[in-house]
Amino acid sequence: MRLLPTRLRSLSVLATATLAAAGLSACGGGDSGSSDASTATSGTVNWWGWTPTDTATANGYIAAFNKQYPNIKVNYKLVNISDWVAALRPALASGKGPDVFDVQPGAYVTQFKSFAEDQTALAEQALGADWKNKVAPIGISGLSADGKLTAMSVGSVYAGMLWINGNIFGKYGLKPPTNLSEWQHVCQVLKQNKVGCFVQGAAQEGFDQDTLQSIANSVQPGLWTKVSTGDAKWTDPGIVKTFEIWKQLFDGGIMQEGAVGYQQYPDANNDFLTGKYGMVMMGTWYTQYATTKAMTAALSAAGVSGAKPFPILPITFPDVAGAGNTSEMYGDADFGLSISTKSGSKAAAETFVKWMATSAEGQQAIADQLNDLPAVKGVSPDFNQIQLVDPVTLGPVQDLITKAGSITEPRESLLSSDVQNAILAAATSVATGKATPQDATATLQQAAEAAGVTFK
Amino acid sequence: MTATTTRARVERRAVVQGSGRRRRPPGLPWILPALVLSVGLIYYGIGYTGYISTLNWDGISPGPEHVGAHNYTRILHDPVFWAAVRHTVVFYVVTFVIQTILGLTFAVVLHTRLRLAAIYKVIVFVPVVLAPAIMAPVFRHMFAPDGELNAVLRHVGLGGLAQPWLGQTNTALPVLMFITIWEWTGVTFVLYYAAMTQIDPSVLEAARMDGAGNLRTLVSIVWPELRGTTVALAMLGAIGALKTFDVPYLVTIGGPNYATEFLGTYIYRMTIPLSHVGYGAALSIILLVVALIMALALQFAGREREGR
C-alpha cells in the first residue's frame, strides 16, 4: 500500500522536473554558437524572402548558382511581405530560421540587424579593398547599421513613375498625362468607356508613401527627404499641399473607388495585370512585366487563364502640383541578403550571398530578370537575351534603367516603421475625409517626434 | 480510566484518519503534471506578459528599458485603443442580438414538423466549420467594388446602392459583423435547439391547455427556459468579441483608417509589425482583465436572475 504512493510521488517529482527542465530549456532559446555543418562548396542553405515575389524567379537564380556550385542546395521560401516580420522574427529568435534572409533598408534593418552577420569582410574578399567603389552606394548606406554591413545588396529598385497599359492607351487614343488636369481627363475618357483608370492599394503604407513622395517632389523637390531626416517638419506647407493633392486624387476621380480598402499586392497588381485599369503606381521592379515570360506568369498568378500578355510602359509621374517640377525618382536597395548569426551553414551561405551580390554571373542573372537593377556597377541587362512583350517597350525601359542609375534620393530607408505607420494613418484619414491635411500632418508630426525623430 | 479513554480516542482518530485516507487518497501527485503544465504554460505566460508590459522593448534587443506603468498610461490616451474598444462593443451587441434572434428563430422553426429539416440544419451549421482563412478571400471578392454584391445590386436596378463596402469607414465594420453573424449563427442555433429539447413537454402542454398561442408560449415559456443557454451564449459572445482577430485581419487588416481595428488586431499590429512588444503586452493584459470582468459580470447576472 505504501509503495504505490511513494512511486507516484517519485514519478510526479520526475515529471515535474522534466517539465520544468523542458520549460527552462525552451525559455533559454536557441544556441547561437551552432557549429557549421557546411563548407564553402557544399551544404544546404535555407533562404527566406519576400522577393523575388515568385518562386520561379528565385529558382532561376538558384539554378544558375548551382551550375557553379552543384553541391550547395538552396531552398527558397517565399513569404508574403505583409507576413514577413511575423514569420521571420520568431524564426530567427528560435535559431530554427533561415540561413539567409532578405533585408530592406529602413525598418527591416533596424529590426533584424542583431541577427545579421557583418558582411564587410565578405564584401572585401569578393570585390577587394575598394569594394565600396564597385557597388551602387545606395546599396551600402541603407543596409549598414551599428557599424556593420548587415546585408549585401543584390539590387536596387526605384519608384516615382507610373506604369500604363499600352493597349488601353492605344485603343482610346490617349497620351500619358503630364499634369493633374490631363490625368483627370484620361480618367474621364476611360471611365466613359467603362475601363478603370488608376488603381492603388492605398491600404498599404509603402505604396501610399511612393505616391505621396512623388506628389511632394512635384510640389517641392527634395522636401520629402528633408522631413524624413528631420530637416523640415511634416507640418511644412509643402507637405500640407502634398496631402491636399493626395485628397484631390480621390475626389477628382483618379483613384479607384474604395482605394483605402485595397492592398497593392495582390488587389491593385491583379487588377492592373488583368486589364481592369489603365494605370498603376509601381516602381522599377515592374520592368520585369515588360517581358513575355514574366507577364505570362503574372497573368497566370492573377488568375487569368489564356490571357494575352500586353505591353506596359513606364511614364513620368505627372506634375500634379503644376509647379513645373519634373517629379524625381527615388530608390533604395531592393533587398540585401543577410546571413543569420544562428545559421548552421554559414560557409555555404556566404558562398551563395557572395555569388548573388558580387559575382558577374549572379549579377547578370539579376539584371536579366529586370526585377532589380544590379548592385555591382557596370552590369546591365542583356536585351538580346530578353524577349519583350512588345519591342516598342525597349526604348522606355532602357531610358528608365539609365535614369535610375543616377538617382540618389532615398525611398524608404529614412523612415522607421512607426513613421511609416503614421504616414498611412494620415493618408487614409485625409482620403476618407476624417481629417484635413493640416490636422493629419500635425498628427503625423507628433507621431514622428514620438518615434524619436529629432527636428531642427 | 483516563488512559483507556485517551487510547480509545487516539485509535478512533487513527481509524477515522485511516479510513479518510482510503476514501480520499492524496490528490497532489495526480494533478501535479497537469498543474505544472497549466501553471507553466498559462499562468507563467500571463505573468511574463505582465512583466513585459512594464518594458519598452522590441522583443529582440537585449537590455529592455523598464518603464513601469508608462505603457498603461499611454494606452489610456491612445485614440486607436478607444476606437478598438468602441468597435468591440458595437460588434458584440449587434452580432449577439442578431445571432440570438436568428438562432432562436431557426431552432423554433426546425422544432416544428418541417420537411427536409435535416438539410436545413446542415445548411445553417456549415459556416461554423468553414475556416475564416478560407472564407476571407471569398468575402473580399464578394464585397469588392466590382464584386458579386454590387453586381447583384446593379442587376436588380439598385445600382445606386453599390459601393466599395470594404473601402469605406462606415461600411467596413458592418460587413465584418455580417460575416461573423453568417459564420456563428449555427452555434447559437444548435445550442438553442438542444436546450429546447430539454423543456418539459408537460409544461408546454399545460400552456396550450391554458390557451396560450405560439407566440405567447415562446415568450412566456420557452424563452425563460432558455435563459441559461442565453447567458452562456452571451458570455461566449463577449469573450469572442474581445478576442476577435481572424475576420478583421484577413478581410480588412483593421482598416480602412482603423475603422475595423479590434483589440486583437491592435495587439498584433503593435507587437509584430511595429515591434512595440511592451505596449502590445500591456494591451494584452488589459484585454485579459476586461475579459475576466465581463465573464464574471455575465455569470453573476445569470445567477442573480436564476435566484429570482
# chains A, B, ... in the order shown; residues from 1 in each chain; ligands from 1

call {"tool": "closest_atom_pairs", "arguments": {"of": "chain B", "to": "chain A", "cutoff": "9 Å", "atoms": "only C-alpha atoms", "output": "Markdown table"}}
result
| residue | atom | partner | partner_atom | distance |
| --- | --- | --- | --- | --- |
| B:Pro26 | CA | A:Pro5 | CA | 8.5 |
| B:Leu28 | CA | A:Arg9 | CA | 8.8 |
| B:Pro29 | CA | A:Ser12 | CA | 5.6 |
| B:Trp30 | CA | A:Ser12 | CA | 7.7 |
| B:Ile31 | CA | A:Ser12 | CA | 9.0 |
| B:Leu32 | CA | A:Ser12 | CA | 6.5 |
| B:Pro33 | CA | A:Thr16 | CA | 6.3 |
| B:Val36 | CA | A:Thr16 | CA | 6.6 |
| B:Leu37 | CA | A:Leu19 | CA | 7.6 |
| B:Gly40 | CA | A:Gly23 | CA | 7.6 |
| B:Leu41 | CA | A:Gly23 | CA | 8.7 |
| B:Asp58 | CA | A:Gln111 | CA | 8.0 |
| B:Gly59 | CA | A:Arg89 | CA | 8.9 |
| B:Ile60 | CA | A:Ala93 | CA | 7.5 |
| B:Ser61 | CA | A:Ser114 | CA | 7.4 |
| B:Ala144 | CA | A:Gly258 | CA | 8.2 |
| B:Pro145 | CA | A:Gly258 | CA | 6.8 |
| B:Gln163 | CA | A:Glu257 | CA | 7.9 |
| B:Pro164 | CA | A:Gly258 | CA | 4.8 |
| B:Trp165 | CA | A:Gly258 | CA | 7.5 |
| B:Leu166 | CA | A:Gly261 | CA | 5.5 |
| B:Gly167 | CA | A:Gly261 | CA | 3.7 |
| B:Gln168 | CA | A:Gly258 | CA | 6.4 |
| B:Thr169 | CA | A:Thr432 | CA | 7.5 |
| B:Ala172 | CA | A:Gly261 | CA | 8.6 |
| B:Thr252 | CA | A:Gly261 | CA | 6.8 |
| B:Ile253 | CA | A:Ala203 | CA | 8.6 |
| B:Gly255 | CA | A:Gly261 | CA | 6.9 |
| B:Pro256 | CA | A:Gly261 | CA | 5.6 |
| B:Asn257 | CA | A:Thr428 | CA | 5.3 |
| B:Tyr258 | CA | A:Ala425 | CA | 8.0 |
| B:Ile272 | CA | A:Ala86 | CA | 5.7 |
| B:Pro273 | CA | A:Val85 | CA | 6.0 |
| B:Leu274 | CA | A:Ser417 | CA | 5.9 |
| B:Ser275 | CA | A:Gln111 | CA | 7.8 |

call {"tool": "atom_distance", "arguments": {"atom1": "atom CA of B:Leu104", "atom2": "atom CA of B:His87"}}
result
25.1 Å

call {"tool": "closest_residue", "arguments": {"among": "A:Ser214, A:Gln119, A:Gln104, A:Asn59", "to": "A:Glu409", "atoms": "only C-alpha atoms"}}
result
A:Ser214

call {"tool": "residues_around", "arguments": {"residues": "A:Val195", "least_positions_apart": "3", "cutoff": "7 Å", "atoms": "only C-alpha atoms", "output": "list in words"}}
result
Leu190, Lys191, Lys276 and Tyr277 of chain A

call {"tool": "residues_around", "arguments": {"residues": "B:Val89", "least_positions_apart": "6", "cutoff": "10 Å", "atoms": "only C-alpha atoms", "output": "PyMOL selection string"}}
result
chain B and resi 83+95+238+241-242+262

call {"tool": "select_by_dssp", "arguments": {"residues": "stretch 310-439 of chain A", "states": "alpha helix (DSSP H)", "output": "VMD selection string"}}
result
chain A and resid 346 to 358 360 to 369 394 to 404 417 to 431 437 to 439

call {"tool": "write_last_selection", "arguments": {"atoms": "N, CA and C atoms", "output": "compact mmCIF listing (two decimals), in the first residue's frame"}}
result
# COMPACT_ATOMS: atom_id res chain seq x y z
N LYS A 346 26.97 28.46 -42.39
CA LYS A 346 27.47 29.80 -42.72
C LYS A 346 28.39 29.80 -43.94
N ALA A 347 29.23 28.80 -44.03
CA ALA A 347 30.19 28.79 -45.15
C ALA A 347 29.46 28.72 -46.48
N ALA A 348 28.49 27.82 -46.57
CA ALA A 348 27.72 27.70 -47.81
C ALA A 348 26.87 28.95 -48.04
N ALA A 349 26.33 29.51 -46.94
CA ALA A 349 25.51 30.72 -47.05
C ALA A 349 26.35 31.88 -47.58
N GLU A 350 27.59 31.98 -47.12
CA GLU A 350 28.47 33.05 -47.60
C GLU A 350 28.74 32.89 -49.10
N THR A 351 28.94 31.66 -49.53
CA THR A 351 29.18 31.42 -50.96
C THR A 351 27.99 31.87 -51.78
N PHE A 352 26.80 31.53 -51.30
CA PHE A 352 25.58 31.89 -52.03
C PHE A 352 25.39 33.41 -52.09
N VAL A 353 25.54 34.06 -50.93
CA VAL A 353 25.34 35.52 -50.88
C VAL A 353 26.38 36.22 -51.76
N LYS A 354 27.60 35.75 -51.66
CA LYS A 354 28.69 36.35 -52.46
C LYS A 354 28.38 36.20 -53.96
N TRP A 355 27.90 35.04 -54.32
CA TRP A 355 27.60 34.80 -55.75
C TRP A 355 26.47 35.72 -56.21
N MET A 356 25.42 35.81 -55.40
CA MET A 356 24.26 36.62 -55.79
C MET A 356 24.62 38.11 -55.87
N ALA A 357 25.38 38.57 -54.87
CA ALA A 357 25.56 40.02 -54.73
C ALA A 357 26.80 40.57 -55.44
N THR A 358 27.77 39.71 -55.73
CA THR A 358 29.01 40.28 -56.27
C THR A 358 29.54 39.60 -57.53
N ALA A 360 29.88 38.15 -61.33
CA ALA A 360 29.39 38.60 -62.65
C ALA A 360 28.20 37.76 -63.09
N GLU A 361 28.27 36.45 -62.84
CA GLU A 361 27.19 35.56 -63.28
C GLU A 361 25.90 35.85 -62.49
N GLY A 362 26.05 35.97 -61.18
CA GLY A 362 24.88 36.22 -60.33
C GLY A 362 24.24 37.55 -60.65
N GLN A 363 25.05 38.58 -60.79
CA GLN A 363 24.51 39.91 -61.05
C GLN A 363 23.90 40.01 -62.45
N GLN A 364 24.48 39.25 -63.39
CA GLN A 364 23.88 39.24 -64.73
C GLN A 364 22.50 38.58 -64.69
N ALA A 365 22.40 37.50 -63.89
CA ALA A 365 21.09 36.83 -63.73
C ALA A 365 20.08 37.79 -63.13
N ILE A 366 20.53 38.58 -62.14
CA ILE A 366 19.65 39.58 -61.51
C ILE A 366 19.23 40.62 -62.56
N ALA A 367 20.21 41.10 -63.31
CA ALA A 367 19.92 42.16 -64.30
C ALA A 367 18.93 41.66 -65.35
N ASP A 368 19.11 40.44 -65.81
CA ASP A 368 18.28 39.93 -66.90
C ASP A 368 16.84 39.65 -66.47
N GLN A 369 16.62 39.53 -65.16
CA GLN A 369 15.25 39.34 -64.68
C GLN A 369 14.45 40.63 -64.74
N LEU A 394 11.13 48.62 -75.44
CA LEU A 394 12.57 48.61 -75.20
C LEU A 394 13.13 50.00 -74.89
N GLY A 395 12.77 50.96 -75.71
CA GLY A 395 13.29 52.31 -75.52
C GLY A 395 12.96 52.88 -74.14
N PRO A 396 11.66 52.94 -73.78
CA PRO A 396 11.31 53.47 -72.45
C PRO A 396 11.96 52.70 -71.30
N VAL A 397 12.08 51.36 -71.46
CA VAL A 397 12.69 50.57 -70.38
C VAL A 397 14.18 50.90 -70.26
N GLN A 398 14.86 51.02 -71.38
CA GLN A 398 16.28 51.36 -71.33
C GLN A 398 16.48 52.77 -70.76
N ASP A 399 15.61 53.69 -71.15
CA ASP A 399 15.70 55.05 -70.60
C ASP A 399 15.50 55.04 -69.09
N LEU A 400 14.55 54.23 -68.66
CA LEU A 400 14.26 54.15 -67.22
C LEU A 400 15.49 53.63 -66.47
N ILE A 401 16.11 52.59 -67.01
CA ILE A 401 17.27 51.99 -66.34
C ILE A 401 18.43 53.00 -66.30
N THR A 402 18.61 53.71 -67.39
CA THR A 402 19.68 54.71 -67.44
C THR A 402 19.42 55.82 -66.42
N LYS A 403 18.18 56.27 -66.39
CA LYS A 403 17.82 57.36 -65.47
C LYS A 403 17.99 56.92 -64.01
N ALA A 404 17.58 55.69 -63.73
CA ALA A 404 17.64 55.21 -62.35
C ALA A 404 19.08 55.14 -61.83
N SER A 417 9.41 52.19 -38.91
CA SER A 417 8.08 51.59 -39.09
C SER A 417 7.01 52.44 -38.40
N ASP A 418 7.37 53.12 -37.30
CA ASP A 418 6.38 53.98 -36.63
C ASP A 418 5.97 55.15 -37.52
N VAL A 419 6.96 55.76 -38.16
CA VAL A 419 6.64 56.90 -39.03
C VAL A 419 5.87 56.42 -40.26
N GLN A 420 6.26 55.27 -40.78
CA GLN A 420 5.52 54.72 -41.93
C GLN A 420 4.06 54.47 -41.56
N ASN A 421 3.87 53.94 -40.37
CA ASN A 421 2.51 53.67 -39.90
C ASN A 421 1.73 54.98 -39.76
N ALA A 422 2.41 56.01 -39.27
CA ALA A 422 1.76 57.32 -39.10
C ALA A 422 1.43 57.94 -40.46
N ILE A 423 2.29 57.70 -41.45
CA ILE A 423 2.01 58.22 -42.80
C ILE A 423 0.76 57.54 -43.36
N LEU A 424 0.68 56.24 -43.14
CA LEU A 424 -0.51 55.51 -43.62
C LEU A 424 -1.77 56.06 -42.95
N ALA A 425 -1.68 56.29 -41.64
CA ALA A 425 -2.85 56.82 -40.92
C ALA A 425 -3.23 58.19 -41.45
N ALA A 426 -2.23 59.03 -41.70
CA ALA A 426 -2.51 60.37 -42.22
C ALA A 426 -3.12 60.28 -43.62
N ALA A 427 -2.55 59.41 -44.45
CA ALA A 427 -3.02 59.29 -45.83
C ALA A 427 -4.47 58.79 -45.87
N THR A 428 -4.77 57.78 -45.08
CA THR A 428 -6.13 57.23 -45.13
C THR A 428 -7.14 58.15 -44.45
N SER A 429 -6.70 58.86 -43.40
CA SER A 429 -7.66 59.76 -42.74
C SER A 429 -7.98 60.95 -43.64
N VAL A 430 -7.00 61.43 -44.41
CA VAL A 430 -7.28 62.51 -45.37
C VAL A 430 -8.15 61.98 -46.51
N ALA A 431 -7.80 60.80 -47.00
CA ALA A 431 -8.55 60.23 -48.13
C ALA A 431 -10.01 59.99 -47.79
N PRO A 437 -5.93 67.95 -44.32
CA PRO A 437 -4.47 67.82 -44.49
C PRO A 437 -3.69 68.50 -43.36
N GLN A 438 -4.19 69.62 -42.87
CA GLN A 438 -3.50 70.32 -41.78
C GLN A 438 -3.50 69.46 -40.51
N ASP A 439 -4.66 68.93 -40.17
CA ASP A 439 -4.76 68.10 -38.95
C ASP A 439 -3.94 66.82 -39.09

call {"tool": "atom_distance", "arguments": {"atom1": "atom CA of A:Asp208", "atom2": "atom CA of B:Arg74"}}
result
27.4 Å

call {"tool": "residues_around", "arguments": {"residues": "stretch 120-128 of chain B", "least_positions_apart": "3", "cutoff": "6 Å", "atoms": "only C-alpha atoms", "output": "JSON, numbers by chain"}}
result
{"B": [117, 183, 184, 186]}

call {"tool": "residues_around", "arguments": {"residues": "stretch 181-188 of chain A", "least_positions_apart": "3", "cutoff": "7 Å", "atoms": "only C-alpha atoms", "output": "list in words"}}
result
Leu174, Pro177, Thr178, Lys191, Gln192, Cys197, Gly252, Gly253 and Ile254 of chain A

call {"tool": "residues_around", "arguments": {"residues": "B:Ile46", "least_positions_apart": "6", "cutoff": "12 Å", "atoms": "only C-alpha atoms", "output": "ChimeraX atom specification"}}
result
/B:38-40,52-53,281-282,284-289
